[in-house]
$ cat coords_16.cif   # mmCIF, C-alpha atoms
data_coords
loop_
_atom_site.label_atom_id
_atom_site.label_comp_id
_atom_site.auth_asym_id
_atom_site.auth_seq_id
_atom_site.Cartn_x
_atom_site.Cartn_y
_atom_site.Cartn_z
CA MET Q 1 -144.91 -115.91 100.89
CA LYS Q 2 -146.05 -114.81 97.47
CA PHE Q 3 -143.76 -113.79 94.60
CA TYR Q 4 -145.01 -111.20 92.11
CA ASP Q 5 -143.31 -112.17 88.91
CA THR Q 6 -143.17 -111.11 85.26
CA PRO Q 7 -142.04 -113.94 82.96
CA GLY Q 8 -139.68 -112.62 80.30
CA ALA Q 9 -138.51 -109.57 82.25
CA PRO Q 10 -134.88 -109.49 83.39
CA ASN Q 11 -135.20 -108.44 87.04
CA PRO Q 12 -137.79 -111.05 88.05
CA ARG Q 13 -135.61 -113.62 86.26
CA ARG Q 14 -132.71 -112.75 88.53
CA VAL Q 15 -134.81 -113.61 91.57
CA ARG Q 16 -136.31 -116.77 90.02
CA MET Q 17 -132.82 -118.00 89.23
CA PHE Q 18 -131.66 -117.17 92.75
CA MET Q 19 -134.60 -119.09 94.25
CA ALA Q 20 -133.90 -122.07 91.99
CA GLU Q 21 -130.24 -122.16 93.08
CA LYS Q 22 -131.47 -122.21 96.70
CA GLY Q 23 -133.98 -124.96 95.88
CA LEU Q 24 -136.86 -122.69 96.95
CA SER Q 25 -140.33 -122.95 95.51
CA ILE Q 26 -142.45 -119.89 96.35
CA PRO Q 27 -145.97 -119.50 94.96
CA SER Q 28 -145.99 -116.81 92.32
CA VAL Q 29 -148.47 -114.41 90.76
CA ALA Q 30 -147.81 -113.28 87.18
CA VAL Q 31 -148.04 -109.52 86.62
CA ASP Q 32 -148.46 -108.80 82.91
CA LEU Q 33 -146.77 -105.51 82.02
CA GLY Q 34 -148.24 -105.64 78.49
CA LYS Q 35 -151.72 -105.56 80.03
CA ARG Q 36 -150.53 -102.81 82.41
CA GLU Q 37 -151.37 -104.97 85.42
CA ASN Q 38 -148.46 -103.31 87.21
CA LYS Q 39 -150.39 -100.02 87.00
CA SER Q 40 -153.51 -101.46 88.65
CA GLU Q 41 -154.70 -100.14 91.98
CA ASP Q 42 -154.08 -103.54 93.59
CA PHE Q 43 -150.50 -103.81 92.42
CA THR Q 44 -149.71 -100.16 93.14
CA ALA Q 45 -150.71 -100.86 96.75
CA ILE Q 46 -148.11 -103.67 96.75
CA ASN Q 47 -145.36 -101.66 95.04
CA PRO Q 48 -145.93 -97.92 94.57
CA ARG Q 49 -143.08 -98.00 92.00
CA GLN Q 50 -145.32 -100.28 89.88
CA ARG Q 51 -142.47 -102.63 89.11
CA THR Q 52 -141.85 -106.32 89.45
CA PRO Q 53 -140.56 -108.34 91.18
CA ALA Q 54 -142.03 -108.02 94.68
CA LEU Q 55 -142.15 -110.52 97.51
CA MET Q 56 -145.06 -110.45 99.95
CA LEU Q 57 -144.41 -112.09 103.31
CA ASP Q 58 -147.13 -113.94 105.20
CA ASP Q 59 -147.88 -110.92 107.39
CA GLY Q 60 -148.37 -108.68 104.33
CA THR Q 61 -144.95 -107.00 104.48
CA VAL Q 62 -143.67 -106.37 100.96
CA ILE Q 63 -140.03 -106.43 99.86
CA THR Q 64 -139.25 -104.93 96.47
CA GLU Q 65 -135.97 -104.54 94.57
CA SER Q 66 -134.52 -107.78 93.20
CA MET Q 67 -131.35 -107.77 95.25
CA ALA Q 68 -133.24 -106.95 98.47
CA ILE Q 69 -135.46 -109.98 97.88
CA CYS Q 70 -132.40 -112.15 97.19
CA ARG Q 71 -130.62 -110.93 100.32
CA TYR Q 72 -133.73 -111.61 102.41
CA LEU Q 73 -133.87 -115.16 101.03
CA GLU Q 74 -130.13 -115.68 101.57
CA ALA Q 75 -130.52 -114.69 105.24
CA LEU Q 76 -133.34 -117.24 105.65
CA HIS Q 77 -131.65 -119.96 103.57
CA PRO Q 78 -127.88 -119.50 103.80
CA GLU Q 79 -126.93 -122.50 101.62
CA PRO Q 80 -125.73 -122.60 98.94
CA ASN Q 81 -124.06 -119.28 99.71
CA LEU Q 82 -124.46 -116.77 96.87
CA PHE Q 83 -123.41 -113.44 98.48
CA GLY Q 84 -120.16 -114.38 100.25
CA ARG Q 85 -119.05 -116.04 103.48
CA ASP Q 86 -116.46 -113.63 104.87
CA ALA Q 87 -115.46 -109.99 104.41
CA ARG Q 88 -113.28 -110.62 101.35
CA GLU Q 89 -115.85 -112.73 99.56
CA ILE Q 90 -118.64 -110.29 100.45
CA GLY Q 91 -116.61 -107.37 99.08
CA GLU Q 92 -115.53 -109.18 95.92
CA ILE Q 93 -118.99 -110.52 95.07
CA GLU Q 94 -120.73 -107.19 95.73
CA MET Q 95 -118.11 -105.34 93.67
CA TRP Q 96 -118.64 -107.60 90.66
CA ALA Q 97 -122.40 -107.82 91.06
CA ARG Q 98 -122.58 -104.01 91.11
CA ARG Q 99 -120.13 -103.50 88.25
CA ILE Q 100 -122.23 -105.82 86.13
CA GLU Q 101 -125.55 -104.42 87.28
CA LEU Q 102 -124.77 -100.70 87.24
CA HIS Q 103 -122.48 -100.57 84.23
CA PHE Q 104 -123.62 -103.46 82.03
CA LEU Q 105 -127.22 -104.49 82.83
CA MET Q 106 -128.33 -100.86 83.17
CA THR Q 107 -126.67 -99.97 79.86
CA VAL Q 108 -128.52 -102.79 78.11
CA ALA Q 109 -131.76 -101.83 79.88
CA ALA Q 110 -131.41 -98.17 78.87
CA ALA Q 111 -130.88 -99.18 75.21
CA PHE Q 112 -133.94 -101.43 75.34
CA ARG Q 113 -136.22 -99.05 77.23
CA HIS Q 114 -135.40 -95.95 75.19
CA LEU Q 115 -135.34 -97.54 71.73
CA HIS Q 116 -137.73 -100.51 71.59
CA PRO Q 117 -141.21 -99.64 70.27
CA ALA Q 118 -142.79 -102.04 72.79
CA MET Q 119 -141.47 -99.82 75.60
CA ALA Q 120 -143.03 -96.58 74.34
CA GLU Q 121 -145.85 -96.74 76.90
CA MET Q 122 -143.60 -97.90 79.75
CA GLU Q 123 -140.65 -95.52 79.40
CA VAL Q 124 -142.07 -92.00 79.15
CA PRO Q 125 -140.48 -90.16 77.51
CA GLN Q 126 -138.24 -92.41 75.45
CA VAL Q 127 -135.06 -90.44 74.81
CA LYS Q 128 -133.76 -91.94 71.57
CA GLU Q 129 -130.38 -90.23 71.78
CA TRP Q 130 -129.82 -91.70 75.26
CA GLY Q 131 -130.89 -95.11 73.97
CA GLU Q 132 -128.38 -94.90 71.13
CA VAL Q 133 -125.54 -93.82 73.43
CA ASN Q 134 -126.20 -96.86 75.60
CA ARG Q 135 -126.64 -99.18 72.63
CA GLY Q 136 -123.21 -98.05 71.46
CA ARG Q 137 -121.65 -99.10 74.78
CA ILE Q 138 -122.93 -102.67 74.86
CA VAL Q 139 -120.05 -104.26 72.94
CA ASP Q 140 -117.55 -102.48 75.20
CA GLU Q 141 -119.29 -103.92 78.25
CA LEU Q 142 -119.38 -107.41 76.74
CA THR Q 143 -115.67 -107.10 75.97
CA ILE Q 144 -114.82 -106.04 79.54
CA LEU Q 145 -116.69 -109.07 80.83
CA ASP Q 146 -114.98 -111.36 78.30
CA ARG Q 147 -111.53 -110.22 79.43
CA HIS Q 148 -112.44 -110.71 83.08
CA LEU Q 149 -113.60 -114.26 82.32
CA GLU Q 150 -110.33 -115.30 80.64
CA GLY Q 151 -109.07 -118.18 82.77
CA ARG Q 152 -112.09 -117.99 85.11
CA ASP Q 153 -115.09 -120.30 85.38
CA PHE Q 154 -117.13 -117.79 87.36
CA ILE Q 155 -117.28 -114.03 87.85
CA ALA Q 156 -116.15 -113.93 91.49
CA CYS Q 157 -114.59 -116.11 94.19
CA GLY Q 158 -114.09 -119.10 91.87
CA ARG Q 159 -117.64 -120.32 92.37
CA PHE Q 160 -121.18 -119.59 91.21
CA THR Q 161 -122.58 -116.48 92.93
CA VAL Q 162 -125.24 -113.83 92.50
CA ALA Q 163 -122.78 -111.97 90.23
CA ASP Q 164 -123.10 -114.79 87.67
CA ILE Q 165 -126.89 -114.53 87.86
CA THR Q 166 -126.90 -110.81 87.08
CA ALA Q 167 -124.31 -111.31 84.33
CA LEU Q 168 -126.27 -114.09 82.61
CA VAL Q 169 -129.48 -112.07 82.72
CA ALA Q 170 -127.64 -109.04 81.33
CA VAL Q 171 -126.03 -111.01 78.49
CA ASP Q 172 -129.35 -112.60 77.53
CA PHE Q 173 -131.01 -109.17 77.65
CA VAL Q 174 -128.69 -107.98 74.86
CA ARG Q 175 -130.76 -109.89 72.27
CA PRO Q 176 -133.81 -107.55 72.17
CA THR Q 177 -131.47 -104.58 71.64
CA ARG Q 178 -130.37 -106.31 68.37
CA VAL Q 179 -126.70 -105.73 69.13
CA PRO Q 180 -124.87 -108.85 67.90
CA VAL Q 181 -122.57 -110.39 70.54
CA PRO Q 182 -119.14 -110.52 68.85
CA GLU Q 183 -118.12 -114.12 68.13
CA ASP Q 184 -114.53 -113.56 69.18
CA LEU Q 185 -115.53 -113.13 72.83
CA VAL Q 186 -114.65 -116.75 73.50
CA HIS Q 187 -114.27 -116.53 77.28
CA LEU Q 188 -117.69 -114.97 77.58
CA ALA Q 189 -119.16 -117.64 75.26
CA ARG Q 190 -117.61 -120.49 77.30
CA TRP Q 191 -118.81 -119.02 80.61
CA ARG Q 192 -122.27 -118.31 79.18
CA ALA Q 193 -122.70 -121.88 77.90
CA SER Q 194 -121.68 -123.26 81.28
CA VAL Q 195 -123.93 -120.99 83.36
CA ALA Q 196 -126.88 -121.28 80.95
CA ALA Q 197 -126.69 -125.08 81.31
CA ARG Q 198 -127.53 -124.87 85.02
CA PRO Q 199 -131.12 -125.93 85.75
CA SER Q 200 -131.70 -122.55 87.45
CA ALA Q 201 -131.17 -120.73 84.13
CA LYS Q 202 -134.52 -122.12 82.95
CA ALA Q 203 -136.39 -120.93 86.04
CA MET N 1 -105.63 -100.29 103.90
CA LYS N 2 -105.73 -97.22 101.71
CA PHE N 3 -108.87 -95.33 100.69
CA TYR N 4 -108.91 -93.57 97.30
CA ASP N 5 -111.19 -90.63 97.90
CA THR N 6 -112.53 -87.60 96.06
CA PRO N 7 -113.63 -84.83 98.44
CA GLY N 8 -116.85 -83.23 97.19
CA ALA N 9 -118.04 -86.23 95.16
CA PRO N 10 -121.16 -88.05 96.36
CA ASN N 11 -120.07 -91.69 96.20
CA PRO N 12 -116.83 -91.31 98.17
CA ARG N 13 -118.85 -89.30 100.71
CA ARG N 14 -121.13 -92.28 101.26
CA VAL N 15 -118.14 -94.41 102.22
CA ARG N 16 -116.52 -91.69 104.38
CA MET N 17 -119.76 -91.29 106.29
CA PHE N 18 -120.05 -95.06 106.68
CA MET N 19 -116.49 -95.27 108.03
CA ALA N 20 -117.15 -92.39 110.44
CA GLU N 21 -120.27 -94.12 111.80
CA LYS N 22 -118.11 -97.22 112.39
CA GLY N 23 -115.41 -95.12 114.06
CA LEU N 24 -112.88 -96.20 111.44
CA SER N 25 -109.96 -94.09 110.37
CA ILE N 26 -108.36 -95.36 107.16
CA PRO N 27 -105.51 -93.46 105.48
CA SER N 28 -106.77 -91.83 102.32
CA VAL N 29 -105.36 -90.60 99.02
CA ALA N 30 -107.21 -87.76 97.27
CA VAL N 31 -107.91 -88.35 93.58
CA ASP N 32 -108.68 -85.04 91.87
CA LEU N 33 -111.19 -85.57 89.06
CA GLY N 34 -110.77 -81.95 87.92
CA LYS N 35 -107.08 -82.70 87.26
CA ARG N 36 -108.11 -86.00 85.62
CA GLU N 37 -106.05 -87.94 88.14
CA ASN N 38 -108.61 -90.73 87.83
CA LYS N 39 -107.55 -91.15 84.18
CA SER N 40 -103.86 -91.59 85.08
CA GLU N 41 -102.11 -94.87 84.35
CA ASP N 42 -101.55 -95.45 88.06
CA PHE N 43 -105.17 -95.00 89.03
CA THR N 44 -106.46 -96.94 86.01
CA ALA N 45 -104.40 -99.88 87.28
CA ILE N 46 -106.26 -99.56 90.60
CA ASN N 47 -109.73 -99.15 89.07
CA PRO N 48 -110.09 -99.72 85.31
CA ARG N 49 -113.45 -97.90 85.54
CA GLN N 50 -111.45 -94.78 86.53
CA ARG N 51 -113.87 -93.93 89.31
CA THR N 52 -113.60 -93.24 92.99
CA PRO N 53 -113.93 -94.50 95.65
CA ALA N 54 -111.66 -97.53 95.81
CA LEU N 55 -110.25 -99.38 98.80
CA MET N 56 -106.87 -101.07 98.54
CA LEU N 57 -106.21 -103.82 101.06
CA ASP N 58 -102.77 -104.45 102.51
CA ASP N 59 -102.07 -107.27 100.03
CA GLY N 60 -102.92 -105.01 97.06
CA THR N 61 -106.44 -106.36 96.47
CA VAL N 62 -108.73 -103.54 95.38
CA ILE N 63 -112.43 -103.25 96.16
CA THR N 64 -114.40 -100.72 94.13
CA GLU N 65 -118.09 -99.75 94.21
CA SER N 66 -119.16 -97.77 97.28
CA MET N 67 -121.57 -100.33 98.65
CA ALA N 68 -119.10 -103.19 98.15
CA ILE N 69 -116.55 -101.25 100.23
CA CYS N 70 -119.16 -100.57 102.91
CA ARG N 71 -120.23 -104.22 103.05
CA TYR N 72 -116.59 -105.31 103.33
CA LEU N 73 -116.11 -102.91 106.25
CA GLU N 74 -119.37 -104.03 107.89
CA ALA N 75 -118.20 -107.65 107.77
CA LEU N 76 -114.91 -106.68 109.48
CA HIS N 77 -116.52 -104.25 111.95
CA PRO N 78 -120.09 -105.38 112.62
CA GLU N 79 -120.97 -102.64 115.13
CA PRO N 80 -122.81 -100.36 114.90
CA ASN N 81 -124.84 -102.43 112.47
CA LEU N 82 -125.78 -100.46 109.32
CA PHE N 83 -126.99 -103.19 106.90
CA GLY N 84 -129.39 -105.22 109.09
CA ARG N 85 -129.19 -107.94 111.75
CA ASP N 86 -131.73 -110.50 110.56
CA ALA N 87 -133.55 -111.40 107.34
CA ARG N 88 -136.30 -108.82 107.76
CA GLU N 89 -133.94 -105.99 108.57
CA ILE N 90 -131.58 -106.99 105.77
CA GLY N 91 -134.46 -107.02 103.29
CA GLU N 92 -135.97 -103.75 104.48
CA ILE N 93 -132.68 -101.84 104.56
CA GLU N 94 -131.55 -103.12 101.16
CA MET N 95 -134.96 -102.32 99.65
CA TRP N 96 -134.81 -98.71 100.85
CA ALA N 97 -131.13 -98.25 100.13
CA ARG N 98 -131.73 -99.42 96.55
CA ARG N 99 -134.92 -97.44 96.05
CA ILE N 100 -133.05 -94.32 97.10
CA GLU N 101 -129.90 -95.12 95.17
CA LEU N 102 -131.41 -96.39 91.92
CA HIS N 103 -134.42 -94.09 91.69
CA PHE N 104 -133.35 -90.94 93.53
CA LEU N 105 -129.54 -90.63 93.69
CA MET N 106 -129.16 -91.82 90.10
CA THR N 107 -131.80 -89.37 88.90
CA VAL N 108 -129.97 -86.49 90.57
CA ALA N 109 -126.65 -87.77 89.23
CA ALA N 110 -128.00 -88.02 85.67
CA ALA N 111 -129.30 -84.43 85.85
CA PHE N 112 -125.92 -83.23 87.13
CA ARG N 113 -123.76 -85.26 84.77
CA HIS N 114 -125.72 -84.48 81.61
CA LEU N 115 -126.39 -80.78 82.23
CA HIS N 116 -123.58 -79.27 84.30
CA PRO N 117 -120.84 -77.58 82.21
CA ALA N 118 -118.18 -78.87 84.63
CA MET N 119 -119.11 -82.43 83.64
CA ALA N 120 -118.65 -81.94 79.87
CA GLU N 121 -115.26 -83.70 79.89
CA MET N 122 -116.36 -86.45 82.29
CA GLU N 123 -119.71 -87.45 80.80
CA VAL N 124 -119.18 -88.00 77.08
CA PRO N 125 -121.50 -87.37 75.39
CA GLN N 126 -123.70 -85.22 77.59
CA VAL N 127 -127.29 -85.89 76.47
CA LYS N 128 -129.09 -82.68 77.42
CA GLU N 129 -132.55 -84.10 76.83
CA TRP N 130 -131.82 -87.00 79.21
CA GLY N 131 -130.46 -84.53 81.77
CA GLU N 132 -133.66 -82.46 81.55
CA VAL N 133 -135.91 -85.52 81.90
CA ASN N 134 -134.07 -86.46 85.08
CA ARG N 135 -133.99 -82.90 86.38
CA GLY N 136 -137.77 -82.86 85.99
CA ARG N 137 -138.10 -85.94 88.21
CA ILE N 138 -136.14 -84.67 91.20
CA VAL N 139 -139.05 -82.97 93.00
CA ASP N 140 -141.14 -86.15 92.59
CA GLU N 141 -138.37 -88.17 94.19
CA LEU N 142 -137.98 -85.68 97.03
CA THR N 143 -141.75 -85.83 97.58
CA ILE N 144 -141.78 -89.63 97.71
CA LEU N 145 -139.04 -89.52 100.34
CA ASP N 146 -140.88 -86.82 102.30
CA ARG N 147 -144.05 -88.93 102.48
CA HIS N 148 -142.09 -91.98 103.59
CA LEU N 149 -140.48 -89.96 106.37
CA GLU N 150 -143.79 -88.74 107.83
CA GLY N 151 -143.80 -90.11 111.37
CA ARG N 152 -140.37 -91.70 110.94
CA ASP N 153 -137.00 -90.63 112.34
CA PHE N 154 -135.04 -92.82 109.94
CA ILE N 155 -135.54 -94.40 106.51
CA ALA N 156 -135.63 -98.05 107.63
CA CYS N 157 -135.91 -100.21 110.75
CA GLY N 158 -136.39 -97.24 113.11
CA ARG N 159 -132.68 -96.60 113.38
CA PHE N 160 -129.82 -95.03 111.45
CA THR N 161 -128.67 -97.29 108.60
CA VAL N 162 -126.83 -97.16 105.30
CA ALA N 163 -130.15 -96.12 103.68
CA ASP N 164 -129.96 -92.80 105.59
CA ILE N 165 -126.42 -92.28 104.35
CA THR N 166 -127.39 -92.69 100.69
CA ALA N 167 -130.47 -90.52 101.18
CA LEU N 168 -128.53 -87.66 102.81
CA VAL N 169 -125.90 -87.74 100.09
CA ALA N 170 -128.63 -87.74 97.42
CA VAL N 171 -130.52 -84.82 99.00
CA ASP N 172 -127.33 -82.78 99.33
CA PHE N 173 -126.44 -83.59 95.71
CA VAL N 174 -129.64 -81.84 94.55
CA ARG N 175 -128.03 -78.42 95.10
CA PRO N 176 -125.66 -78.44 92.08
CA THR N 177 -128.63 -79.33 89.83
CA ARG N 178 -130.19 -75.99 90.93
CA VAL N 179 -133.54 -77.63 91.59
CA PRO N 180 -134.96 -75.90 94.69
CA VAL N 181 -136.09 -78.34 97.41
CA PRO N 182 -139.75 -77.44 98.05
CA GLU N 183 -140.17 -75.87 101.50
CA ASP N 184 -143.37 -77.76 102.23
CA LEU N 185 -141.50 -81.08 102.44
CA VAL N 186 -141.40 -80.76 106.22
CA HIS N 187 -140.77 -84.41 107.05
CA LEU N 188 -137.79 -84.48 104.74
CA ALA N 189 -136.51 -81.22 106.26
CA ARG N 190 -136.81 -82.55 109.83
CA TRP N 191 -135.07 -85.82 108.95
CA ARG N 192 -132.37 -84.01 106.99
CA ALA N 193 -131.58 -81.63 109.87
CA SER N 194 -131.33 -84.57 112.26
CA VAL N 195 -129.11 -86.73 110.04
CA ALA N 196 -126.94 -83.79 108.91
CA ALA N 197 -126.24 -83.02 112.60
CA ARG N 198 -124.46 -86.36 113.07
CA PRO N 199 -120.68 -85.97 113.26
CA SER N 200 -120.35 -88.47 110.37
CA ALA N 201 -122.14 -86.06 108.00
CA LYS N 202 -119.04 -83.86 108.08
CA ALA N 203 -116.69 -86.71 107.22
#

$ encode --input "coords_16.cif" --output "structure tokens"
Amino acid sequence: MKFYDTPGAPNPRRVRMFMAEKGLSIPSVAVDLGKRENKSEDFTAINPRQRTPALMLDDGTVITESMAICRYLEALHPEPNLFGRDAREIGEIEMWARRIELHFLMTVAAAFRHLHPAMAEMEVPQVKEWGEVNRGRIVDELTILDRHLEGRDFIACGRFTVADITALVAVDFVRPTRVPVPEDLVHLARWRASVAARPSAKA
Amino acid sequence: MKFYDTPGAPNPRRVRMFMAEKGLSIPSVAVDLGKRENKSEDFTAINPRQRTPALMLDDGTVITESMAICRYLEALHPEPNLFGRDAREIGEIEMWARRIELHFLMTVAAAFRHLHPAMAEMEVPQVKEWGEVNRGRIVDELTILDRHLEGRDFIACGRFTVADITALVAVDFVRPTRVPVPEDLVHLARWRASVAARPSAKA
């Protein structure tokens, strides 16, 4: 297998962290978005969407989309379980992973992509008004997460799951939007410190 | 179990179609978005995001997010399989389901939500420029799907899966954006006719 990675980008980080939690070490190829390597003919053949991450299997089959790669790896390496063991866990983890991804991570991403000067060539056109609307929602999303984490060590099922991975990546992705994380979100801060201390957070 | 449904809305339709493919009949409660029933105190207690669908289990536990509900139901009722049987199928189906959901369905939804007058009270603020950008991408997304379907009866794994459900719902959701589906997309048209003829498409 070969993992097409972009250090510094949030989605590849989700998969790197997932692999680290599983104890997997997959050879990786860095795709530099700044040098537009994702737009090259070679990489477009791998992922026509020109995005990272992508996982190439030994027979040349390519899996794209971060959560599809993670689910593929979970099926091959079931332990430690990160997507749920039974119907209830599966439903609860997917609900929280999607709430965080679709409502929080995507809000942060939209603010970053539509406002940051470095994204002007990647996000065409940048719609500043849409960026500002999303930027204005980030503190609300952080607050929702903070309230959920009151009295909880993890997002779902009382243990570390893929929902915590997406949440950590989303929280860390707030920084380039220059929205300050309110200091009174103490549950979020406690959870973040605990999850960020895991070795996988440095992957 | 109780299913909180909104007839006519795309996300609840995904779950209804999924349940119909499984042969499941779950009592449902209609939540009328036009009457703002989703904003009521009762429904906000069920889903603080004030969105449908939601599934309430017999002990009062609520699962929201369409795909979380579908995965919960798949775990309880594995046949017919709609999310994949082994690692490769799981990866392939999730990749296509996400490509279609995140790049196509969400593009159509953004065009609808930010441009349609009926959505002015639901999507606050409507960002017309963002709606137009997305509206302008719909034919590209339809064309990508058409090319993928050349020589294929289904989106993934050579059989009907949850990816076909999301794709059908996305294609049908193009109509209220008033973007005409190009007639030369013959593979898409063939696939659509075949999938729309399934009894579940009327669920």

$ resolve_selection --input "coords_16.cif" --expression "the PyMOL selection byres ((chain Q) within 9 of (chain N))" --output "VMD selection string"
chain Q and resid 62 to 76 86 to 96 98 to 99 125 127 129 to 130 133

$ resolve_selection --input "coords_16.cif" --expression "the PyMOL selection byres ((chain Q and resi 38) around 12)" --output "PyMOL selection string"
chain Q and resi 4-6+29-37+39-54+122

$ atom_distance --input "coords_16.cif" --atom1 "CA of Pro7 (chain N)" --atom2 "CA of Thr166 (chain N)"
16.0 Å

$ residues_around --input "coords_16.cif" --residues "Leu145 (chain Q)" --least-positions-apart "5" --cutoff "10 Å" --atoms "only C-alpha atoms" --output "list of chain:residue names"
Q:Arg99, Q:Ile100, Q:Phe104, Q:Val139, Q:Asp140, Q:Glu150, Q:Ile155, Q:Ala167, Q:Val171, Q:Leu185, Q:His187, Q:Leu188

$ write_last_selection --input "coords_16.cif" --atoms "C-alpha atoms" --output "tab-separated table (two decimals), in the coordinates of the input"
chain	number	residue	atom	x	y	z
Q	99	ARG	CA	-120.13	-103.50	88.25
Q	100	ILE	CA	-122.23	-105.82	86.13
Q	104	PHE	CA	-123.62	-103.46	82.03
Q	139	VAL	CA	-120.05	-104.26	72.94
Q	140	ASP	CA	-117.55	-102.48	75.20
Q	150	GLU	CA	-110.33	-115.30	80.64
Q	155	ILE	CA	-117.28	-114.03	87.85
Q	167	ALA	CA	-124.31	-111.31	84.33
Q	171	VAL	CA	-126.03	-111.01	78.49
Q	185	LEU	CA	-115.53	-113.13	72.83
Q	187	HIS	CA	-114.27	-116.53	77.28
Q	188	LEU	CA	-117.69	-114.97	77.58

$ atom_distance --input "coords_16.cif" --atom1 "CA of Arg190 (chain N)" --atom2 "CA of Arg14 (chain N)"
20.3 Å

$ atom_distance --input "coords_16.cif" --atom1 "CA of Arg135 (chain Q)" --atom2 "CA of Met106 (chain Q)"
10.8 Å

$ resolve_selection --input "coords_16.cif" --expression "the PyMOL selection byres ((chain Q and resi 173) around 8)" --output "list of chain:residue names"
Q:Pro10, Q:Leu105, Q:Val108, Q:Ala109, Q:Val169, Q:Ala170, Q:Val171, Q:Asp172, Q:Val174, Q:Arg175, Q:Pro176, Q:Thr177

$ residues_around --input "coords_16.cif" --residues "Arg152 (chain N)" --least-positions-apart "3" --cutoff "12 Å" --atoms "only C-alpha atoms" --output "PyMOL selection string"
chain N and resi 145-149+155-160+164+186-188+190-192+194

$ residues_around --input "coords_16.cif" --residues "Pro199 (chain Q)" --least-positions-apart "4" --cutoff "9 Å" --atoms "all atoms listed in the file" --output "number ranges by chain"
Q: 17, 20-21, 203

$ residues_around --input "coords_16.cif" --residues "Lys2 (chain N)" --least-positions-apart "3" --cutoff "7 Å" --atoms "all atoms listed in the file" --output "compact mmCIF listing (two decimals) with C-alpha atoms, keeping the file's coordinate frame"
# COMPACT_ATOMS: atom_id res chain seq x y z
CA ILE N 26 -108.36 -95.36 107.16
CA PRO N 27 -105.51 -93.46 105.48
CA SER N 28 -106.77 -91.83 102.32
CA LEU N 55 -110.25 -99.38 98.80
CA MET N 56 -106.87 -101.07 98.54
CA LEU N 57 -106.21 -103.82 101.06

$ closest_residue --input "coords_16.cif" --among "Q:Leu168, Q:Ala118, Q:Glu123, Q:Phe3" --to "Lys202 (chain Q)" --atoms "only C-alpha atoms"
Q:Leu168

$ decode --input "coords_16.cif" --residues "region 24-33 of chain Q" --atoms "N, CA, C and O atoms" --output "short mmCIF file (atom, residue, chain, number, x, y, z; two decimals), in the first residue's frame"
data_model
loop_
_atom_site.label_atom_id
_atom_site.label_comp_id
_atom_site.auth_asym_id
_atom_site.auth_seq_id
_atom_site.Cartn_x
_atom_site.Cartn_y
_atom_site.Cartn_z
N LEU Q 24 -0.41 1.16 12.59
CA LEU Q 24 -0.06 0.85 11.21
C LEU Q 24 1.01 1.81 10.70
O LEU Q 24 0.98 2.99 11.00
N SER Q 25 1.90 1.29 9.91
CA SER Q 25 2.92 2.12 9.29
C SER Q 25 2.88 1.84 7.79
O SER Q 25 3.28 0.77 7.33
N ILE Q 26 2.33 2.77 7.02
CA ILE Q 26 2.15 2.59 5.59
C ILE Q 26 3.05 3.59 4.87
O ILE Q 26 3.02 4.78 5.21
N PRO Q 27 3.84 3.13 3.92
CA PRO Q 27 4.73 4.07 3.22
C PRO Q 27 3.92 5.19 2.61
O PRO Q 27 2.85 4.97 2.04
N SER Q 28 4.46 6.42 2.73
CA SER Q 28 3.68 7.55 2.22
C SER Q 28 4.47 8.35 1.20
O SER Q 28 5.69 8.32 1.16
N VAL Q 29 3.70 9.05 0.36
CA VAL Q 29 4.25 9.96 -0.64
C VAL Q 29 3.67 11.33 -0.32
O VAL Q 29 2.45 11.46 -0.21
N ALA Q 30 4.52 12.35 -0.17
CA ALA Q 30 4.01 13.69 0.13
C ALA Q 30 3.57 14.37 -1.16
O ALA Q 30 4.29 14.36 -2.16
N VAL Q 31 2.36 14.92 -1.14
CA VAL Q 31 1.83 15.68 -2.28
C VAL Q 31 1.75 17.13 -1.82
O VAL Q 31 0.96 17.46 -0.93
N ASP Q 32 2.55 17.99 -2.43
CA ASP Q 32 2.66 19.38 -1.99
C ASP Q 32 1.62 20.23 -2.73
O ASP Q 32 1.73 20.47 -3.93
N LEU Q 33 0.60 20.67 -1.99
CA LEU Q 33 -0.46 21.47 -2.62
C LEU Q 33 0.07 22.84 -3.03
O LEU Q 33 -0.37 23.41 -4.04
#
